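So this one's upload-v4.txt, compact mmCIF, C-alpha atoms:
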# COMPACT_ATOMS: atom_id res chain seq x y z
CA MET B 1 2.02 -20.99 17.70
CA HIS B 2 -1.33 -19.21 17.60
CA GLU B 3 -2.96 -22.38 16.31
CA LEU B 4 -2.70 -23.93 19.81
CA PRO B 5 -5.36 -21.81 21.56
CA ALA B 6 -7.38 -21.73 18.33
CA THR B 7 -7.33 -25.52 18.16
CA GLN B 8 -8.36 -25.81 21.82
CA GLY B 9 -11.30 -23.48 21.11
CA MET B 10 -12.28 -25.57 18.09
CA LEU B 11 -12.12 -28.79 20.11
CA ASP B 12 -14.27 -27.27 22.87
CA VAL B 13 -16.93 -26.21 20.36
CA ALA B 14 -16.94 -29.66 18.74
CA LEU B 15 -17.13 -31.56 22.04
CA GLU B 16 -19.98 -29.39 23.28
CA ALA B 17 -21.96 -29.91 20.08
CA ALA B 18 -21.31 -33.67 20.19
CA ARG B 19 -22.43 -33.87 23.83
CA ASP B 20 -25.62 -32.00 22.98
CA VAL B 21 -26.67 -34.84 20.67
CA GLY B 22 -25.37 -37.65 22.88
CA ALA B 23 -22.67 -38.66 20.39
CA LEU B 24 -20.26 -41.44 21.36
CA ARG B 25 -17.51 -40.56 18.95
CA ILE B 26 -16.62 -37.71 16.59
CA ARG B 27 -15.44 -39.00 13.21
CA GLU B 28 -15.00 -35.74 11.31
CA ILE B 29 -14.94 -32.04 12.16
CA HIS B 30 -15.66 -29.73 9.24
CA LEU B 31 -14.16 -26.28 9.61
CA VAL B 32 -14.45 -23.04 7.66
CA VAL B 33 -11.25 -21.00 7.79
CA GLY B 34 -10.83 -17.63 6.08
CA GLU B 35 -7.84 -16.97 3.85
CA LEU B 36 -6.87 -13.89 5.87
CA THR B 37 -6.79 -15.61 9.27
CA SER B 38 -3.24 -17.00 8.89
CA ILE B 39 -4.43 -20.34 10.30
CA VAL B 40 -2.27 -23.19 8.98
CA ASP B 41 -4.17 -26.46 8.43
CA ASP B 42 -1.27 -28.80 9.23
CA SER B 43 -0.52 -26.94 12.42
CA VAL B 44 -4.14 -27.20 13.60
CA GLN B 45 -4.13 -30.94 12.85
CA PHE B 46 -0.85 -31.34 14.76
CA TYR B 47 -2.17 -29.67 17.91
CA PHE B 48 -5.55 -31.37 17.54
CA ASP B 49 -4.02 -34.84 17.59
CA ILE B 50 -2.43 -34.02 20.95
CA LEU B 51 -5.32 -32.08 22.54
CA ALA B 52 -8.02 -34.57 21.52
CA ARG B 53 -6.38 -37.55 23.23
CA GLY B 54 -8.71 -39.10 25.80
CA THR B 55 -11.81 -37.35 24.40
CA ILE B 56 -14.50 -38.64 22.06
CA ALA B 57 -12.81 -36.57 19.35
CA ALA B 58 -9.59 -38.58 19.50
CA GLY B 59 -8.58 -39.68 16.02
CA ALA B 60 -11.15 -37.46 14.29
CA ARG B 61 -10.37 -36.21 10.81
CA LEU B 62 -10.32 -32.45 10.32
CA VAL B 63 -11.76 -31.25 7.04
CA PHE B 64 -10.89 -27.67 6.12
CA ARG B 65 -12.92 -25.53 3.78
CA ARG B 66 -11.16 -22.30 2.94
CA GLU B 67 -13.33 -19.19 2.86
CA PRO B 68 -11.86 -17.00 0.12
CA ALA B 69 -10.98 -13.33 0.43
CA THR B 70 -12.32 -11.50 -2.59
CA LEU B 71 -10.52 -8.74 -4.44
CA HIS B 72 -12.75 -6.19 -6.14
CA CYS B 73 -11.26 -3.63 -8.53
CA HIS B 74 -13.03 -0.26 -8.48
CA GLY B 75 -11.35 0.55 -11.81
CA CYS B 76 -12.62 -2.23 -14.05
CA GLY B 77 -14.90 -4.30 -11.81
CA HIS B 78 -12.63 -7.35 -11.88
CA ARG B 79 -13.17 -9.84 -9.04
CA GLU B 80 -11.04 -12.76 -7.91
CA GLY B 81 -10.07 -14.73 -4.83
CA VAL B 82 -6.79 -13.62 -3.22
CA VAL B 83 -4.41 -14.72 -0.48
CA PRO B 84 -1.73 -12.66 1.31
CA PRO B 85 0.56 -11.07 0.35
CA LEU B 86 -1.96 -8.92 -1.51
CA GLN B 87 -0.74 -7.56 -4.82
CA PRO B 88 -0.96 -3.76 -5.04
CA THR B 89 -2.41 -3.56 -8.55
CA CYS B 90 -5.43 -5.07 -10.28
CA PRO B 91 -4.27 -8.13 -12.27
CA ALA B 92 -6.76 -7.23 -15.02
CA CYS B 93 -6.29 -3.49 -15.54
CA GLY B 94 -3.45 -2.37 -13.25
CA ALA B 95 -5.60 0.02 -11.21
CA LEU B 96 -4.71 0.73 -7.57
CA GLU B 97 -8.25 1.27 -6.26
CA LEU B 98 -8.84 -2.20 -4.86
CA GLU B 99 -11.01 -3.58 -2.08
CA VAL B 100 -10.61 -6.92 -0.35
CA THR B 101 -13.50 -8.40 1.61
CA GLY B 102 -14.19 -11.69 3.41
CA GLY B 103 -11.63 -14.25 4.43
CA ARG B 104 -12.03 -13.73 8.18
CA ALA B 105 -14.19 -16.79 9.00
CA PHE B 106 -13.09 -19.23 11.67
CA ARG B 107 -15.84 -21.61 12.68
CA VAL B 108 -16.94 -25.20 13.08
CA ASP B 109 -19.42 -25.92 10.29
CA PHE B 110 -20.63 -29.44 11.13
CA LEU B 111 -19.58 -32.75 12.66
CA ASP B 112 -19.88 -36.32 11.55
CA VAL B 113 -20.47 -38.41 14.68
CA ASP B 114 -21.28 -41.95 15.78
CA GLY B 115 -24.12 -42.49 18.23
CA GLY B 116 -26.68 -39.92 19.28
CA ASP B 117 -30.07 -39.73 17.65
CA VAL B 118 -31.02 -36.08 17.89
CA GLU B 119 -30.43 -33.85 14.91
CA GLY B 120 -28.50 -31.21 16.81
CA CYS B 121 -28.79 -27.52 16.26
CA PRO B 122 -26.82 -24.73 17.95
CA GLY B 123 -30.03 -22.96 18.92
CA GLU B 124 -31.36 -25.85 20.98
CA ALA B 125 -30.74 -25.63 24.71
CA THR B 126 -30.06 -29.34 25.01
CA THR B 127 -27.97 -30.35 28.00
CA PRO B 128 -25.96 -33.57 28.11
CA ALA B 129 -28.37 -34.96 30.73
CA GLU B 130 -31.39 -34.29 28.55
CA ALA B 131 -29.84 -35.69 25.39
CA SER B 132 -31.01 -39.22 24.74
CA THR B 133 -28.39 -41.92 24.78
CA PRO B 134 -28.57 -44.80 22.35
CA MET X 135 -24.67 -38.85 11.67
CA LYS X 136 -24.23 -35.26 10.54
CA VAL X 137 -24.50 -32.64 13.27
CA PRO X 138 -24.74 -29.00 12.12
CA VAL X 139 -22.81 -26.69 14.43
CA VAL X 140 -21.96 -23.35 12.76
CA LYS X 141 -20.28 -21.84 15.79
CA GLU X 142 -17.47 -19.34 15.91
CA ILE X 143 -14.46 -21.13 17.34
CA LEU X 144 -13.44 -18.18 19.51
CA LYS X 145 -16.91 -17.76 21.01
CA ALA X 146 -15.68 -18.58 24.52
CA ASN X 147 -13.20 -15.72 24.23
CA ASP X 148 -15.78 -13.44 22.65
CA SER X 149 -18.29 -13.93 25.46
CA VAL X 150 -15.68 -12.91 28.05
CA ALA X 151 -14.86 -9.92 25.83
CA VAL X 152 -18.51 -8.87 26.04
CA GLU X 153 -18.32 -9.04 29.85
CA ASN X 154 -15.12 -6.98 29.84
CA ARG X 155 -16.80 -4.40 27.66
CA GLU X 156 -19.72 -4.14 30.08
CA THR X 157 -17.25 -3.57 32.91
CA PHE X 158 -15.49 -0.82 30.94
CA ASP X 159 -18.75 0.86 29.99
CA ARG X 160 -20.03 0.79 33.58
CA ALA X 161 -16.83 2.52 34.71
CA ARG X 162 -17.01 4.86 31.67
CA VAL X 163 -13.45 4.11 30.62
CA LEU X 164 -12.35 4.30 26.99
CA VAL X 165 -10.32 1.17 26.20
CA LEU X 166 -7.90 0.84 23.30
CA ASP X 167 -6.12 -2.30 22.13
CA VAL X 168 -2.70 -1.25 20.81
CA MET X 169 -1.31 -3.81 18.39
CA ALA X 170 1.93 -3.90 16.41
CA SER X 171 4.88 -6.07 15.50
CA PRO X 172 7.73 -6.32 18.03
CA GLY X 173 9.83 -3.17 17.92
CA ALA X 174 7.33 -0.98 16.06
CA GLY X 175 7.35 1.34 19.07
CA LYS X 176 4.10 0.63 20.92
CA THR X 177 5.57 1.52 24.29
CA SER X 178 7.37 4.66 23.13
CA MET X 179 4.18 5.76 21.36
CA LEU X 180 2.27 5.25 24.63
CA LEU X 181 4.88 7.18 26.63
CA THR X 182 4.68 10.16 24.27
CA THR X 183 0.89 9.93 24.33
CA LEU X 184 0.84 9.91 28.16
CA ASP X 185 2.99 13.05 28.17
CA ARG X 186 0.55 14.83 25.88
CA LEU X 187 -2.77 13.90 27.49
CA ASP X 188 -4.92 16.85 28.51
CA GLU X 189 -4.82 17.67 32.18
CA GLY X 190 -7.61 15.82 33.97
CA VAL X 191 -7.56 12.78 31.70
CA ARG X 192 -6.63 9.83 33.91
CA PRO X 193 -4.81 7.05 32.02
CA GLY X 194 -4.04 3.44 32.87
CA VAL X 195 -2.07 0.79 31.01
CA ILE X 196 -2.24 -2.99 30.76
CA GLU X 197 1.03 -4.33 29.38
CA GLY X 198 0.95 -7.64 27.58
CA ASP X 199 4.28 -9.36 27.03
CA VAL X 200 5.48 -12.90 26.57
CA ALA X 201 7.81 -12.26 29.52
CA SER X 202 9.47 -9.44 31.51
CA SER X 203 8.20 -6.19 32.99
CA ILE X 204 10.51 -3.83 31.08
CA ASP X 205 7.63 -1.96 29.44
CA ALA X 206 5.52 -1.81 32.60
CA ASP X 207 8.43 -0.36 34.54
CA MET X 208 8.75 2.48 32.03
CA ILE X 209 5.04 3.26 32.31
CA ALA X 210 5.13 3.07 36.12
CA ALA X 211 7.99 5.58 36.13
CA ARG X 212 5.41 8.10 34.78
CA ASP X 213 3.22 7.48 37.86
CA VAL X 214 0.61 5.89 35.62
CA PRO X 215 -1.25 2.83 36.98
CA VAL X 216 -0.01 -0.21 35.10
CA VAL X 217 -0.64 -3.95 35.28
CA GLN X 218 1.70 -6.40 33.60
CA ILE X 219 0.35 -9.57 32.00
CA ASN X 220 2.97 -12.14 31.10
CA THR X 221 1.43 -14.57 28.64
CA GLY X 222 4.12 -17.17 29.25
CA GLY X 223 4.68 -17.85 25.56
CA ASN X 224 1.25 -17.06 24.14
CA CYS X 225 1.54 -14.73 21.17
CA HIS X 226 -1.49 -12.57 21.96
CA LEU X 227 -3.67 -11.34 24.81
CA ASP X 228 -7.13 -12.83 25.08
CA ALA X 229 -10.24 -11.66 26.91
CA PRO X 230 -9.78 -13.90 30.01
CA MET X 231 -6.23 -12.59 30.49
CA VAL X 232 -7.49 -9.01 30.38
CA ARG X 233 -10.30 -9.90 32.79
CA SER X 234 -7.73 -11.29 35.23
CA ALA X 235 -5.89 -7.95 35.19
CA LEU X 236 -8.96 -5.82 35.88
CA PRO X 237 -9.18 -6.38 39.67
CA HIS X 238 -5.75 -4.75 39.86
CA MET X 239 -6.99 -1.60 38.09
CA ASP X 240 -9.09 1.10 39.74
CA LEU X 241 -11.31 1.53 36.69
CA ASP X 242 -13.61 4.04 38.38
CA ASN X 243 -10.68 6.42 38.59
CA LEU X 244 -9.59 6.06 34.96
CA ASP X 245 -10.75 7.79 31.79
CA VAL X 246 -8.70 5.85 29.27
CA LEU X 247 -7.09 2.42 29.45
CA PHE X 248 -4.46 1.41 26.92
CA ILE X 249 -3.96 -2.32 26.46
CA GLU X 250 -0.56 -2.95 24.87
CA ASP X 251 -0.94 -6.29 23.13
CA VAL X 252 1.87 -8.78 22.54
CA GLY X 253 4.06 -7.76 19.60
CA ASN X 254 2.66 -9.68 16.65
CA LEU X 255 0.80 -8.80 13.44
CA ILE X 256 -1.14 -12.06 13.13
CA CYS X 257 -2.69 -13.42 16.30
CA PRO X 258 -3.91 -10.38 18.26
CA SER X 259 -6.28 -9.41 15.45
CA ASN X 260 -8.34 -12.57 15.99
CA TYR X 261 -9.00 -12.01 19.71
CA LYS X 262 -11.56 -9.56 21.02
CA LEU X 263 -10.66 -8.17 24.44
CA GLY X 264 -13.69 -5.97 25.10
CA HIS X 265 -11.93 -2.81 23.92
CA HIS X 266 -13.71 0.01 22.11
CA TYR X 267 -11.09 0.71 19.44
CA SER X 268 -8.12 -1.04 17.85
CA VAL X 269 -4.96 0.98 17.23
CA VAL X 270 -2.43 -0.64 14.89
CA VAL X 271 1.09 0.80 15.06
CA SER X 272 3.16 0.14 11.98
CA SER X 273 6.56 1.76 11.64
CA VAL X 274 8.89 3.11 9.00
CA THR X 275 11.66 0.64 9.88
CA GLU X 276 9.57 -2.49 9.26
CA GLY X 277 8.78 -1.36 5.71
CA HIS X 278 5.80 -0.16 3.72
CA ASP X 279 4.55 -3.61 2.67
CA LYS X 280 3.04 -4.66 6.02
CA ALA X 281 -0.59 -4.04 5.06
CA HIS X 282 -0.19 -6.14 1.93
CA LYS X 283 1.40 -8.99 3.89
CA TYR X 284 -0.78 -8.89 7.03
CA PRO X 285 -4.13 -7.57 5.82
CA GLY X 286 -6.10 -9.16 8.65
CA ILE X 287 -4.86 -6.86 11.39
CA PHE X 288 -5.29 -3.71 9.28
CA ALA X 289 -8.81 -4.72 8.27
CA GLY X 290 -9.93 -4.42 11.90
CA ALA X 291 -8.05 -1.22 12.79
CA ASP X 292 -9.79 1.97 13.90
CA VAL X 293 -6.54 3.97 13.78
CA VAL X 294 -3.35 3.11 11.87
CA MET X 295 -0.12 4.83 12.87
CA ILE X 296 3.19 4.84 11.03
CA ASN X 297 5.69 5.36 13.84
CA LYS X 298 9.34 6.51 13.47
CA TRP X 299 8.28 8.98 10.78
CA ASP X 300 11.48 10.96 11.48
CA LEU X 301 13.28 8.14 9.60
CA ALA X 302 11.01 8.13 6.54
CA ASP X 303 13.58 9.71 4.21
CA VAL X 304 16.42 7.43 5.33
CA PHE X 305 14.33 4.33 4.69
CA GLU X 306 12.79 5.72 1.46
CA TYR X 307 9.39 4.89 2.92
CA ASP X 308 6.63 4.76 0.30
CA LEU X 309 3.58 6.20 2.05
CA ASP X 310 1.38 5.85 -1.04
CA PHE X 311 2.15 2.14 -1.30
CA PHE X 312 1.41 1.54 2.39
CA THR X 313 -1.78 3.60 2.23
CA GLN X 314 -2.96 1.67 -0.82
CA GLY X 315 -2.46 -1.61 1.05
CA VAL X 316 -4.45 -0.41 4.05
CA ARG X 317 -7.24 1.01 1.87
CA MET X 318 -7.72 -2.37 0.18
CA VAL X 319 -9.07 -3.82 3.42
CA ASN X 320 -10.11 -0.69 5.34
CA ARG X 321 -11.45 2.23 3.32
CA ASP X 322 -11.89 4.90 5.95
CA VAL X 323 -9.39 4.29 8.77
CA PRO X 324 -7.23 7.31 9.68
CA ILE X 325 -3.57 6.71 8.72
CA LEU X 326 -1.31 8.84 10.88
CA PRO X 327 2.45 9.16 10.22
CA LEU X 328 4.09 10.23 13.47
CA SER X 329 7.29 10.09 15.48
CA SER X 330 7.21 9.11 19.14
CA LYS X 331 10.76 10.45 19.42
CA THR X 332 10.22 13.96 18.06
CA GLY X 333 6.47 14.29 18.66
CA GLU X 334 5.94 15.13 14.98
CA GLY X 335 2.48 14.12 13.77
CA PHE X 336 1.01 13.59 17.26
CA ASP X 337 -1.54 16.41 17.06
CA PRO X 338 -4.10 14.55 14.90
CA TRP X 339 -3.72 11.43 17.08
CA MET X 340 -4.18 13.35 20.32
CA GLU X 341 -7.21 15.09 18.84
CA TRP X 342 -8.73 11.72 17.84
CA LEU X 343 -7.96 10.31 21.29
CA HIS X 344 -9.37 13.23 23.26
CA THR X 345 -12.53 13.17 21.16
CA ALA X 346 -12.92 9.45 21.83
CA VAL X 347 -12.29 9.90 25.56
CA GLY X 348 -14.81 12.75 25.69
CA SER X 349 -17.44 10.61 24.01
CA ILE X 350 -17.22 7.98 26.75
CA ALA X 351 -15.78 9.48 29.92
CA PRO X 352 -16.77 12.79 31.46
CA VAL X 353 -13.35 14.41 31.93
CA GLN X 354 -12.69 15.81 35.39
CA THR X 355 -11.70 19.43 35.39
CA THR X 356 -9.03 20.18 37.93
CA GLY X 357 -9.52 23.47 39.64
Conversion result in structure tokens:
Amino acid sequence: MHELPATQGMLDVALEAARDVGALRIREIHLVVGELTSIVDDSVQFYFDILARGTIAAGARLVFRREPATLHCHGCGHREGVVPPLQPTCPACGALELEVTGGRAFRVDFLDVDGGDVEGCPGEATTPAEASTP
Amino acid sequence: MKVPVVKEILKANDSVAVENRETFDRARVLVLDVMASPGAGKTSMLLTTLDRLDEGVRPGVIEGDVASSIDADMIAARDVPVVQINTGGNCHLDAPMVRSALPHMDLDNLDVLFIEDVGNLICPSNYKLGHHYSVVVSSVTEGHDKAHKYPGIFAGADVVMINKWDLADVFEYDLDFFTQGVRMVNRDVPILPLSSKTGEGFDPWMEWLHTAVGSIAPVQTTG
């Protein structure tokens, strides 16, 4: 359920970035999603296919890159990527003093678009009117 | 053509959260987002907290629920200003929903505002509301494995409570196991076992809360 507003937010970000470069069509949206965010890829794709209808993102492929959460054992120094549910003991030495970092990312990384001839950048204050059209 | 974006997907929400925070800071109101699974006892914890607030501390409550005003009615019965937000199916509050509730709150006459989020251990943790601190209420009855299963919400907590502590023996609650799970993602957060029913364990929480209120709002002394 929580993928619905998340997917709408993702679509808004992608459409805005595409407009900024005068794109005619979005072919791919590349996303970075942390392992601790509980965002389900298939669910995002499902909502996206509905929400993107009638926009230049209709039919776009979503490409997910998972940002790992990293377990660090303070006992033996072991490190590895983990997903919930987190195991209570270090898989290498059995110690309980563990730290998990990362895995909270949720962002649009880049788009692959048709049309538009400006290499877009989030820092540029390009408005749709200013963006050159092909 | 490749277009670099690198934008947080919830940035629209986050920018409204920043505005909310400015509103809270202007009014010098401490704002807490209270998050928990359904039935952990958010509302009963709030009711016990309201009863124990120092004289002169003026509370308000925003109640987030999928539907109904059951919780808001209980708060209102304490003569505490309360606004109900029904999310109509959404599983969390977001910053625009909180903003829409603010015109119904006399912020200038509040010292602390509790926002009771929708019962859920997944979604609320991803949405900033503009609050100063996040309070996560776990409970004895839901088991001691919640931090291991839902690390995201505990990673962002500023206070973790274990409610229904009066039942700890019955449920053979393993506090060490729970604590270990929280510590994996949040090294320093206070973990406070307490019972909203008996009041046991509330002293450290009330001390934390009053300190936080004092750091933001000048408390009125009633003559």
Best match for closeness to X:Val319 among B:Leu36, B:Asp109, B:Phe46, B:Gly59, counting all atoms listed in the file: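 Of all the options, B:Leu36 lies closest to X:Val319.
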Neighbouring residues of stretch 334-350 of chain X were defined as those with any atom within 8 Å, considering all atoms listed in the file; residues of the same chain fewer than 6 positions away were excluded. Please report them as a PDB file with C-alpha atoms, in the coordinates of the input.
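Final output, part39.pdb:
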ATOM      1  CA  ASP X 159     -18.750   0.860  29.990  1.00  0.00           C
ATOM      2  CA  ARG X 162     -17.010   4.860  31.670  1.00  0.00           C
ATOM      3  CA  VAL X 163     -13.450   4.110  30.620  1.00  0.00           C
ATOM      4  CA  LEU X 164     -12.350   4.300  26.990  1.00  0.00           C
ATOM      5  CA  THR X 183       0.890   9.930  24.330  1.00  0.00           C
ATOM      6  CA  ARG X 186       0.550  14.830  25.880  1.00  0.00           C
ATOM      7  CA  LEU X 187      -2.770  13.900  27.490  1.00  0.00           C
ATOM      8  CA  ASP X 188      -4.920  16.850  28.510  1.00  0.00           C
ATOM      9  CA  ASP X 245     -10.750   7.790  31.790  1.00  0.00           C
ATOM     10  CA  VAL X 246      -8.700   5.850  29.270  1.00  0.00           C
ATOM     11  CA  TRP X 299       8.280   8.980  10.780  1.00  0.00           C
ATOM     12  CA  ASP X 300      11.480  10.960  11.480  1.00  0.00           C
ATOM     13  CA  LEU X 326      -1.310   8.840  10.880  1.00  0.00           C
ATOM     14  CA  PRO X 327       2.450   9.160  10.220  1.00  0.00           C
ATOM     15  CA  LEU X 328       4.090  10.230  13.470  1.00  0.00           C
TER      16      LEU X 328
END
Residues within 9 Å of stretch 234-238 of chain X, all atoms listed in the file, excluding chain neighbours under 5 positions, as a list in words: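 So the residues in contact are Asn154, Ile196, Val216, Val217, Gln218, Ile219 and Ala229 of chain X.
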Chain B residues near chain X (9 Å cut-off, only C-alpha atoms) as JSON, numbers by chain: {"B": [1, 2, 3, 5, 6, 7, 8, 9, 10, 11, 12, 13, 14, 17, 18, 21, 23, 31, 36, 37, 38, 71, 72, 84, 85, 86, 87, 88, 96, 97, 98, 99, 100, 101, 103, 104, 105, 106, 107, 108, 109, 110, 111, 112, 113, 114, 115, 116, 117, 118, 119, 120, 121, 122]}
Polymer residues at most 12 Å from (7.5, 5.5, 8.7) by only C-alpha atoms, as an MDAnalysis selection string: chainID X and resid 174:175 271:280 294:313 325:330 334:335
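In this model, the gap between atom CA of X:Gly253 and atom CA of X:Val168 comes to 9.5 Å.
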Atomic distance atom CA of B:Glu80 - atom CA of B:Ala92, expressed in Å with one decimal: 10.0 Å
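Compared by their closest atoms to X:Asp199, and using all atoms listed in the file, the residues X:Pro324, X:Gly333, X:Gly264, X:Gly222 rank with X:Gly222 nearest.
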Atom pair atom CA of X:Val195 / atom CA of X:Pro215: separation (Å):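 Distance between the two atoms: 6.4 Å.
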Neighbour list for B:Tyr47 as number ranges by chain, cut-off 7 Å, all atoms listed in the file, skip fewer than 4 positions in-chain: B: 4, 7, 43, 51
Could you take the residues named above and write them with C-alpha atoms, as a PDB file, in the coordinates of the input?
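Dumped to again01.pdb:
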ATOM      1  CA  LEU B   4      -2.700 -23.930  19.810  1.00  0.00           C
ATOM      2  CA  THR B   7      -7.330 -25.520  18.160  1.00  0.00           C
ATOM      3  CA  SER B  43      -0.520 -26.940  12.420  1.00  0.00           C
ATOM      4  CA  LEU B  51      -5.320 -32.080  22.540  1.00  0.00           C
TER       5      LEU B  51
END
Using all atoms listed in the file: which of B:Leu15, B:Val32, B:Thr89, B:Arg66 has the shortest distance to B:Gly54: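 The answer is B:Leu15, which sits nearest to B:Gly54.
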Residue rebuild result stretch 308-321 of chain X, N, CA and C atoms as a PDB file, keeping the file's coordinate frame:
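Result file follows (part09.pdb):
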ATOM      1  N   ASP X 308       7.621   4.436   1.331  1.00  0.00           N
ATOM      2  CA  ASP X 308       6.630   4.760   0.300  1.00  0.00           C
ATOM      3  C   ASP X 308       5.243   4.819   0.943  1.00  0.00           C
ATOM      4  N   LEU X 309       4.854   6.025   1.354  1.00  0.00           N
ATOM      5  CA  LEU X 309       3.580   6.200   2.050  1.00  0.00           C
ATOM      6  C   LEU X 309       2.387   5.842   1.154  1.00  0.00           C
ATOM      7  N   ASP X 310       2.493   6.161  -0.131  1.00  0.00           N
ATOM      8  CA  ASP X 310       1.380   5.850  -1.040  1.00  0.00           C
ATOM      9  C   ASP X 310       1.159   4.338  -1.138  1.00  0.00           C
ATOM     10  N   PHE X 311       2.258   3.600  -1.200  1.00  0.00           N
ATOM     11  CA  PHE X 311       2.150   2.140  -1.300  1.00  0.00           C
ATOM     12  C   PHE X 311       1.489   1.565  -0.041  1.00  0.00           C
ATOM     13  N   PHE X 312       1.974   2.015   1.119  1.00  0.00           N
ATOM     14  CA  PHE X 312       1.410   1.540   2.390  1.00  0.00           C
ATOM     15  C   PHE X 312      -0.079   1.894   2.483  1.00  0.00           C
ATOM     16  N   THR X 313      -0.395   3.143   2.150  1.00  0.00           N
ATOM     17  CA  THR X 313      -1.780   3.600   2.230  1.00  0.00           C
ATOM     18  C   THR X 313      -2.676   2.764   1.322  1.00  0.00           C
ATOM     19  N   GLN X 314      -2.169   2.470   0.128  1.00  0.00           N
ATOM     20  CA  GLN X 314      -2.960   1.670  -0.820  1.00  0.00           C
ATOM     21  C   GLN X 314      -3.247   0.291  -0.231  1.00  0.00           C
ATOM     22  N   GLY X 315      -2.256  -0.298   0.442  1.00  0.00           N
ATOM     23  CA  GLY X 315      -2.460  -1.610   1.050  1.00  0.00           C
ATOM     24  C   GLY X 315      -3.498  -1.580   2.153  1.00  0.00           C
ATOM     25  N   VAL X 316      -3.457  -0.536   2.976  1.00  0.00           N
ATOM     26  CA  VAL X 316      -4.450  -0.410   4.050  1.00  0.00           C
ATOM     27  C   VAL X 316      -5.838  -0.194   3.466  1.00  0.00           C
ATOM     28  N   ARG X 317      -5.926   0.664   2.452  1.00  0.00           N
ATOM     29  CA  ARG X 317      -7.240   1.010   1.870  1.00  0.00           C
ATOM     30  C   ARG X 317      -7.925  -0.197   1.236  1.00  0.00           C
ATOM     31  N   MET X 318      -7.125  -1.172   0.784  1.00  0.00           N
ATOM     32  CA  MET X 318      -7.720  -2.370   0.180  1.00  0.00           C
ATOM     33  C   MET X 318      -8.648  -3.072   1.167  1.00  0.00           C
ATOM     34  N   VAL X 319      -8.280  -3.086   2.436  1.00  0.00           N
ATOM     35  CA  VAL X 319      -9.070  -3.820   3.420  1.00  0.00           C
ATOM     36  C   VAL X 319      -9.809  -2.911   4.395  1.00  0.00           C
ATOM     37  N   ASN X 320      -9.534  -1.601   4.350  1.00  0.00           N
ATOM     38  CA  ASN X 320     -10.110  -0.690   5.340  1.00  0.00           C
ATOM     39  C   ASN X 320     -10.184   0.702   4.709  1.00  0.00           C
ATOM     40  N   ARG X 321     -11.332   1.043   4.168  1.00  0.00           N
ATOM     41  CA  ARG X 321     -11.450   2.230   3.320  1.00  0.00           C
ATOM     42  C   ARG X 321     -11.308   3.546   4.060  1.00  0.00           C
TER      43      ARG X 321
END
